[in-house]
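Just input-v7.pdb here, PDB, C-alpha atoms and all ligand atoms:
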ATOM      1  CA  MET A   1       0.000   0.000   0.000
ATOM      2  CA  GLU A   2       1.366   3.396  -0.982
ATOM      3  CA  LYS A   3       0.482   6.583   0.747
ATOM      4  CA  ILE A   4       1.158   9.950  -0.790
ATOM      5  CA  SER A   5       0.182  13.231   0.779
ATOM      6  CA  GLN A   6      -1.466  15.630  -1.629
ATOM      7  CA  ASP A   7      -2.788  19.016  -0.493
ATOM      8  CA  GLY A   8      -3.749  17.579   2.871
ATOM      9  CA  ILE A   9      -5.638  14.815   1.143
ATOM     10  CA  GLU A  10      -4.133  11.416   1.460
ATOM     11  CA  LEU A  11      -3.954   9.347  -1.684
ATOM     12  CA  GLU A  12      -4.235   5.715  -0.731
ATOM     13  CA  ILE A  13      -3.330   3.251  -3.434
ATOM     14  CA  ARG A  14      -3.911  -0.431  -2.928
ATOM     15  CA  GLU A  15      -2.464  -2.922  -5.346
ATOM     16  CA  HIS A  16      -4.154  -6.021  -6.653
ATOM     17  CA  THR A  17      -2.824  -8.377  -9.263
ATOM     18  CA  ASP A  18      -4.103 -11.467 -11.034
ATOM     19  CA  GLY A  19      -0.651 -12.832 -10.247
ATOM     20  CA  ASP A  20      -1.888 -13.524  -6.714
ATOM     21  CA  PHE A  21      -4.228 -16.075  -8.258
ATOM     22  CA  PHE A  22      -1.859 -17.664 -10.708
ATOM     23  CA  PRO A  23      -3.772 -20.430 -12.529
ATOM     24  CA  GLU A  24      -2.563 -23.954 -11.927
ATOM     25  CA  LYS A  25      -3.988 -25.408 -15.115
ATOM     26  CA  CYS A  26      -4.868 -24.280 -18.614
ATOM     27  CA  PRO A  27      -8.657 -24.054 -18.920
ATOM     28  CA  ILE A  28      -8.477 -25.476 -22.466
ATOM     29  CA  CYS A  29      -6.102 -28.445 -22.264
ATOM     30  CA  GLU A  30      -5.441 -28.624 -18.522
ATOM     31  CA  GLY A  31      -1.731 -28.273 -19.200
ATOM     32  CA  GLU A  32       0.192 -27.188 -16.142
ATOM     33  CA  GLU A  33       2.884 -25.067 -17.734
ATOM     34  CA  ILE A  34       1.423 -21.607 -17.564
ATOM     35  CA  ARG A  35       3.286 -18.347 -17.882
ATOM     36  CA  ARG A  36       2.544 -14.668 -17.961
ATOM     37  CA  HIS A  37       1.814 -13.429 -21.437
ATOM     38  CA  THR A  38       0.845  -9.751 -21.311
ATOM     39  CA  TYR A  39      -0.636  -7.439 -18.717
ATOM     40  CA  LYS A  40      -2.541  -4.190 -18.385
ATOM     41  CA  ILE A  41      -2.478  -1.824 -15.446
ATOM     42  CA  ARG A  42      -5.809  -0.268 -14.620
ATOM     43  CA  THR A  43      -6.797   2.270 -12.019
ATOM     44  CA  ILE A  44     -10.067   1.528 -10.286
ATOM     45  CA  GLN A  45     -11.848   3.989  -8.036
ATOM     46  CA  ASP A  46     -12.744   3.015  -4.507
ATOM     47  CA  LEU A  47     -14.802   4.759  -1.847
ATOM     48  CA  GLY A  48     -12.725   7.299   0.033
ATOM     49  CA  THR A  49     -13.415   9.646   2.914
ATOM     50  CA  PRO A  50     -13.305  13.474   2.957
ATOM     51  CA  LEU A  51      -9.576  13.136   3.715
ATOM     52  CA  ILE A  52      -8.607   9.996   1.850
ATOM     53  CA  CYS A  53      -8.741   9.417  -1.875
ATOM     54  CA  ARG A  54      -8.705   5.682  -2.545
ATOM     55  CA  ARG A  55      -7.580   4.048  -5.726
ATOM     56  CA  ILE A  56      -6.824   0.470  -6.694
ATOM     57  CA  ARG A  57      -3.916  -0.259  -8.971
ATOM     58  CA  TYR A  58      -4.931  -3.458 -10.653
ATOM     59  CA  GLU A  59      -2.718  -5.586 -12.803
ATOM     60  CA  ARG A  60      -4.811  -7.643 -15.200
ATOM     61  CA  ILE A  61      -2.723 -10.494 -16.533
ATOM     62  CA  TYR A  62      -3.171 -12.563 -19.650
ATOM     63  CA  PHE A  63      -1.686 -15.994 -19.231
ATOM     64  CA  LYS A  64      -0.419 -18.350 -21.893
ATOM     65  CA  CYS A  65      -0.400 -22.116 -21.869
ATOM     66  CA  LYS A  66       2.902 -23.532 -23.037
ATOM     67  CA  THR A  67       1.265 -26.746 -24.176
ATOM     68  CA  CYS A  68      -1.544 -25.480 -26.429
ATOM     69  CA  ASP A  69      -0.581 -21.793 -26.804
ATOM     70  CA  SER A  70      -3.984 -20.602 -25.567
ATOM     71  CA  VAL A  71      -4.057 -17.155 -24.037
ATOM     72  CA  PHE A  72      -6.522 -16.683 -21.210
ATOM     73  CA  SER A  73      -7.311 -14.490 -18.248
ATOM     74  CA  ILE A  74      -8.836 -15.121 -14.866
ATOM     75  CA  GLU A  75     -11.524 -13.366 -12.881
ATOM     76  CA  HIS A  76     -10.008 -11.683  -9.846
ATOM     77  CA  PRO A  77     -12.204 -12.433  -6.810
ATOM     78  CA  LEU A  78     -12.360  -8.786  -5.717
ATOM     79  CA  ILE A  79     -12.495  -7.043  -9.072
ATOM     80  CA  PRO A  80     -15.217  -7.758 -11.604
ATOM     81  CA  ILE A  81     -14.050  -7.915 -15.218
ATOM     82  CA  GLY A  82     -14.112  -4.467 -16.821
ATOM     83  CA  ALA A  83     -14.788  -2.691 -13.516
ATOM     84  CA  ARG A  84     -13.967   1.009 -13.285
ATOM     85  CA  TYR A  85     -15.302   1.238  -9.743
ATOM     86  CA  MET A  86     -14.937  -1.178  -6.859
ATOM     87  CA  PRO A  87     -18.151  -3.086  -6.088
ATOM     88  CA  GLY A  88     -18.416  -1.281  -2.723
ATOM     89  CA  VAL A  89     -18.841   2.078  -4.482
ATOM     90  CA  ILE A  90     -21.775   0.790  -6.495
ATOM     91  CA  LYS A  91     -23.277  -0.963  -3.508
ATOM     92  CA  TYR A  92     -23.031   2.230  -1.465
ATOM     93  CA  ALA A  93     -24.753   4.321  -4.152
ATOM     94  CA  VAL A  94     -27.517   1.813  -4.806
ATOM     95  CA  SER A  95     -28.095   1.309  -1.106
ATOM     96  CA  ARG A  96     -28.445   5.036  -0.442
ATOM     97  CA  VAL A  97     -30.940   5.524  -3.242
ATOM     98  CA  LEU A  98     -33.006   2.381  -2.816
ATOM     99  CA  GLU A  99     -32.871   1.812   0.916
ATOM    100  CA  ARG A 100     -32.446   5.276   2.327
ATOM    101  CA  GLY A 101     -34.388   7.239  -0.246
ATOM    102  CA  ASP A 102     -31.634   9.725  -1.136
ATOM    103  CA  SER A 103     -31.797  11.229  -4.609
ATOM    104  CA  ILE A 104     -29.449  10.049  -7.325
ATOM    105  CA  ARG A 105     -28.265  13.646  -7.722
ATOM    106  CA  ARG A 106     -27.383  13.956  -4.057
ATOM    107  CA  VAL A 107     -25.620  10.600  -3.908
ATOM    108  CA  THR A 108     -23.613  11.487  -7.034
ATOM    109  CA  ARG A 109     -22.582  14.775  -5.470
ATOM    110  CA  ASP A 110     -21.569  13.096  -2.207
ATOM    111  CA  LEU A 111     -19.548  10.484  -4.068
ATOM    112  CA  ASN A 112     -17.634  13.218  -5.878
ATOM    113  CA  GLU A 113     -17.236  15.652  -2.979
ATOM    114  CA  LEU A 114     -17.036  13.453   0.113
ATOM    115  CA  HIS A 115     -15.679  10.173  -1.156
ATOM    116  CA  TYR A 116     -13.348  11.173  -4.008
ATOM    117  CA  VAL A 117     -15.157   9.037  -6.532
ATOM    118  CA  LYS A 118     -15.367  10.729  -9.915
ATOM    119  CA  VAL A 119     -18.710   9.663 -11.249
ATOM    120  CA  SER A 120     -21.386  11.206 -13.443
ATOM    121  CA  LEU A 121     -25.074  11.430 -12.683
ATOM    122  CA  ALA A 122     -25.748   9.143 -15.647
ATOM    123  CA  THR A 123     -23.476   6.437 -14.255
ATOM    124  CA  THR A 124     -25.069   6.501 -10.807
ATOM    125  CA  GLU A 125     -28.469   6.349 -12.470
ATOM    126  CA  LYS A 126     -27.338   3.365 -14.514
ATOM    127  CA  TRP A 127     -26.264   1.517 -11.349
ATOM    128  CA  VAL A 128     -29.578   2.175  -9.651
ATOM    129  CA  ASN A 129     -31.553   1.078 -12.697
ATOM    130  CA  LYS A 130     -29.456  -2.022 -13.059
ATOM    131  CA  TYR A 131     -29.881  -3.166  -9.486
ATOM    132  CA  GLY A 132     -33.533  -2.326  -9.081
ATOM    133  CA  LYS A 133     -35.859   0.632  -9.294
ATOM    134  CA  LYS A 134     -37.306   2.214  -6.224
ATOM    135  CA  GLY A 135     -40.888   1.147  -5.641
ATOM    136  CA  LYS A 136     -40.549  -1.650  -8.147
ATOM    137  CA  LEU A 137     -38.527  -3.733  -5.755
ATOM    138  CA  SER A 138     -41.273  -4.808  -3.409
ATOM    139  CA  SER A 139     -43.553  -6.182  -6.123
ATOM    140  CA  GLU A 140     -40.724  -7.982  -7.835
ATOM    141  CA  PHE A 141     -39.530  -9.435  -4.593
ATOM    142  CA  SER A 142     -42.975 -10.679  -3.663
ATOM    143  CA  LYS A 143     -42.800 -13.132  -6.548
ATOM    144  CA  GLU A 144     -39.695 -14.610  -5.022
ATOM    145  CA  LYS A 145     -39.786 -16.930  -2.083
ATOM    146  CA  THR A 146     -39.048 -14.414   0.615
ATOM    147  CA  PRO A 147     -36.651 -15.510   3.312
ATOM    148  CA  THR A 148     -37.502 -14.607   6.884
ATOM    149  CA  GLY A 149     -36.361 -11.128   7.846
ATOM    150  CA  PHE A 150     -35.703 -10.239   4.256
ATOM    151  CA  SER A 151     -34.726  -6.610   3.747
ATOM    152  CA  GLY A 152     -35.044  -6.408   0.010
ATOM    153  CA  PHE A 153     -31.424  -5.681  -0.581
ATOM    154  CA  ILE A 154     -30.019  -6.779  -3.880
ATOM    155  CA  THR A 155     -26.382  -7.726  -4.131
ATOM    156  CA  LEU A 156     -24.132  -6.900  -7.048
ATOM    157  CA  ASP A 157     -24.254 -10.307  -8.590
ATOM    158  CA  GLY A 158     -28.031 -10.051  -8.815
ATOM    159  CA  THR A 159     -28.789 -12.476  -6.037
ATOM    160  CA  PHE A 160     -30.889 -11.539  -3.060
ATOM    161  CA  LYS A 161     -29.263 -11.266   0.278
ATOM    162  CA  SER A 162     -31.207 -11.851   3.438
ATOM    163  CA  MET A 163     -30.642  -9.543   6.356
ATOM    164  CA  LYS A 164     -31.802  -9.553   9.923
ATOM    165  CA  THR A 165     -33.986  -6.463   9.854
ATOM    166  CA  LYS A 166     -36.697  -5.575   7.425
ATOM    167  CA  LYS A 167     -36.643  -1.819   6.954
ATOM    168  CA  ASN A 168     -39.697  -1.526   4.748
ATOM    169  CA  ASP A 169     -41.913  -3.529   7.050
ATOM    170  CA  ARG A 170     -45.105  -1.568   7.567
ATOM    171  CA  LYS A 171     -46.106  -3.343  10.722
ATOM    172  CA  VAL A 172     -45.878  -1.136  13.779
ATOM    173  CA  GLU A 173     -43.915  -2.758  16.519
TER     174      GLU A 173
HETATM  175 ZN    ZN A 201      -3.426 -25.375 -22.838
END
As structure tokens:
Amino acid sequence: MEKISQDGIELEIREHTDGDFFPEKCPICEGEEIRRHTYKIRTIQDLGTPLICRRIRYERIYFKCKTCDSVFSIEHPLIPIGARYMPGVIKYAVSRVLERGDSIRRVTRDLNELHYVKVSLATTEKWVNKYGKKGKLSSEFSKEKTPTGFSGFITLDGTFKSMKTKKNDRKVE
């Protein structure tokens, strides 16, 4: 982890590499002689604080099988393929809009000004639309078999996650 001071704002860079998950076998021929082929360095934005700007330096590696010459990549467990933002950023935005009722405009502004995430209104809107529209959630969820204590939160991979409390429960306790 690198830390660089910048106008009183700390830039925190975490490094992730596909090399930490070096494949043991070729997915095509199951050959075991695998080597690095090429790589790309990508910067991915993560959720910061008013004093810390967080970025991920991600090395995406393309591997080559010595036996069959296939070139392939892996899916890093923390970084979805093609991601420009860490999943936590998207989860935070979607959660604020859908669970807490904050406007997309306000959440976008907070991401930019309080969390050092450069994001446009259109992108935040896209996340919210992708993971469920406000008001639409409850009717869609009712078709599903609802687990006990289900909060209606949707995870990034599209599966439903059960939580202990149910925030939208209308029953007065
Ligand atoms: Zn192979």
- Task: May I have the residues within 9 Å of ligand ZN 201 (chain A), computed using only C-alpha atoms and all ligand atoms, as an MDAnalysis selection string?
- Result: chainID A and resid 25:34 64:71
Once you count all atoms listed in the file, what closest atom pair and distance in Å to one decimal does each residue of range 27-77 of chain A within 12 Å of range 87-109 of chain A have, with rows by chain and rising residue number, as a Markdown table?
| residue | atom | partner | partner_atom | distance |
| --- | --- | --- | --- | --- |
| A:Ile44 | CA | A:Pro87 | CA | 10.2 |
| A:Gln45 | CA | A:Val89 | CA | 8.1 |
| A:Asp46 | CA | A:Val89 | CA | 6.2 |
| A:Leu47 | CA | A:Val89 | CA | 5.5 |
| A:Gly48 | CA | A:Val89 | CA | 9.2 |
| A:Thr49 | CA | A:Val89 | CA | 11.9 |
| A:Arg54 | CA | A:Val89 | CA | 10.9 |
| A:Arg55 | CA | A:Val89 | CA | 11.5 |
| A:Ile56 | CA | A:Pro87 | CA | 11.9 |
| A:Pro77 | CA | A:Pro87 | CA | 11.1 |
Mind pulling up the distance from CA of Glu59 in chain A to CA of Phe22 in chain A?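 CA of Phe22 in chain A sits 12.3 Å away from CA of Glu59 in chain A.
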Could you tell me how far CA of Gly82 in chain A lies from CA of Tyr116 in chain A, in Å and to one decimal?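 Taking CA of Gly82 in chain A as the start and CA of Tyr116 in chain A as the end point, the length is 20.2 Å.
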query: Could you state the separation of CA of Tyr62 in chain A and CA of Glu15 in chain A in Å, given to one decimal place?
result: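 About the pair CA of Tyr62 in chain A and CA of Glu15 in chain A: they are 17.3 Å apart.
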Any chance you could work out the axis-aligned box around range 7-22 of chain A, listed atoms only, 6 Å on each side, giving centre and edge lengths in Å to one decimal, as lines of an AutoDock Vina configuration file?
center_x = -3.1
center_y = 0.7
center_z = -4.1
size_x = 17.0
size_y = 48.7
size_z = 25.9
* To do: Carefully work through the PyMOL selection byres (((chain A and resi 42) around 9) and not hetatm) for this structure and note down the residues it includes, as a list in words.
  => Lys40, Ile41, Thr43, Ile44, Ile56, Arg57, Tyr58, Glu59, Arg60 and Arg84 of chain A
